[in-house]
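> Below is the structure I would like to discuss, written out as structure tokens.
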Amino acid sequence: MPNFDDQIYAVLIQIPSGKVTTYGDVAKLAGFPRHARHVGKLLGSLPKDSKLPWFRVINSSGMISLKGESFVRQREKLLDDGVEVKENGAVSLRRFKWDGEPA
């Protein structure tokens with residue numbers, strides 16, 4: 001059985017710069033459909049200095065799910081990455097969603 005954490009990380013590192021995907025899509029691409037919440041918990045436990053592009057993962061409504069300072073941090077990282085993010089944390093999935101294809 002593949003290790004959940006390793007499979008999630010393997011998908012995460014493939015998300016190209018300037019793109020986002022959803023917690024559910026990360027889970028599905030990693031072979032764990034319907035485990036979006038587990039993906040969120042795993043990403044929430046990453047160290048603050050993690051080099052993994054955790055910030056490229058948003059919810060299925062196209063919104064940043066984080067609150068407070070974490071929200072600001074993710075929004076700034078996405079903006080620096082070339083993703084347009086509205087003040088409320090909304091991202092156009094139509095425009096910026098990664099389809100899972102290798103970059």
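In the structure tokens, chains take the letters A, B, ... in the order shown, each chain's residues start at 1, and ligands count up from 1 in the order shown.
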Mind checking DSSP for chain A and telling me the strand (DSSP E) residues as a list in words?
Thr21, Thr22, Val57 and Ile58 of chain A
> Return as a count of residues only the full set of residues in chain A whose backbone-based DSSP assignment is alpha helix (DSSP H).
42
> Using only C-alpha atoms, which residues sit within 7 Å of range 33-43 of chain A once same-chain residues fewer than 5 positions away are excluded, as a PyMOL selection string?
chain A and resi 23-24+27-28+54
> Got a sec: who's within 12 Å of range 75-92 of chain A, counting only C-alpha atoms, leaving out chain neighbours fewer than 6 positions off, as an MDAnalysis selection string?
chainID A and resid 15:22 53:69 98
> How many Å lie between CA of Val26 in chain A and CA of Lys51 in chain A, rounded to one decimal?
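So the two atoms, CA of Val26 in chain A and CA of Lys51 in chain A, lie 17.2 Å apart.
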> If I take CA of Ile13 in chain A and CA of Leu93 in chain A, how far is one from the other in Å, to one decimal?
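Result for CA of Ile13 in chain A versus CA of Leu93 in chain A: 19.0 Å, one decimal.
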> As an exercise, work out the distance from CA of Gln14 in chain A to CA of Leu29 in chain A in Å and give it to one decimal place.
10.7 Å
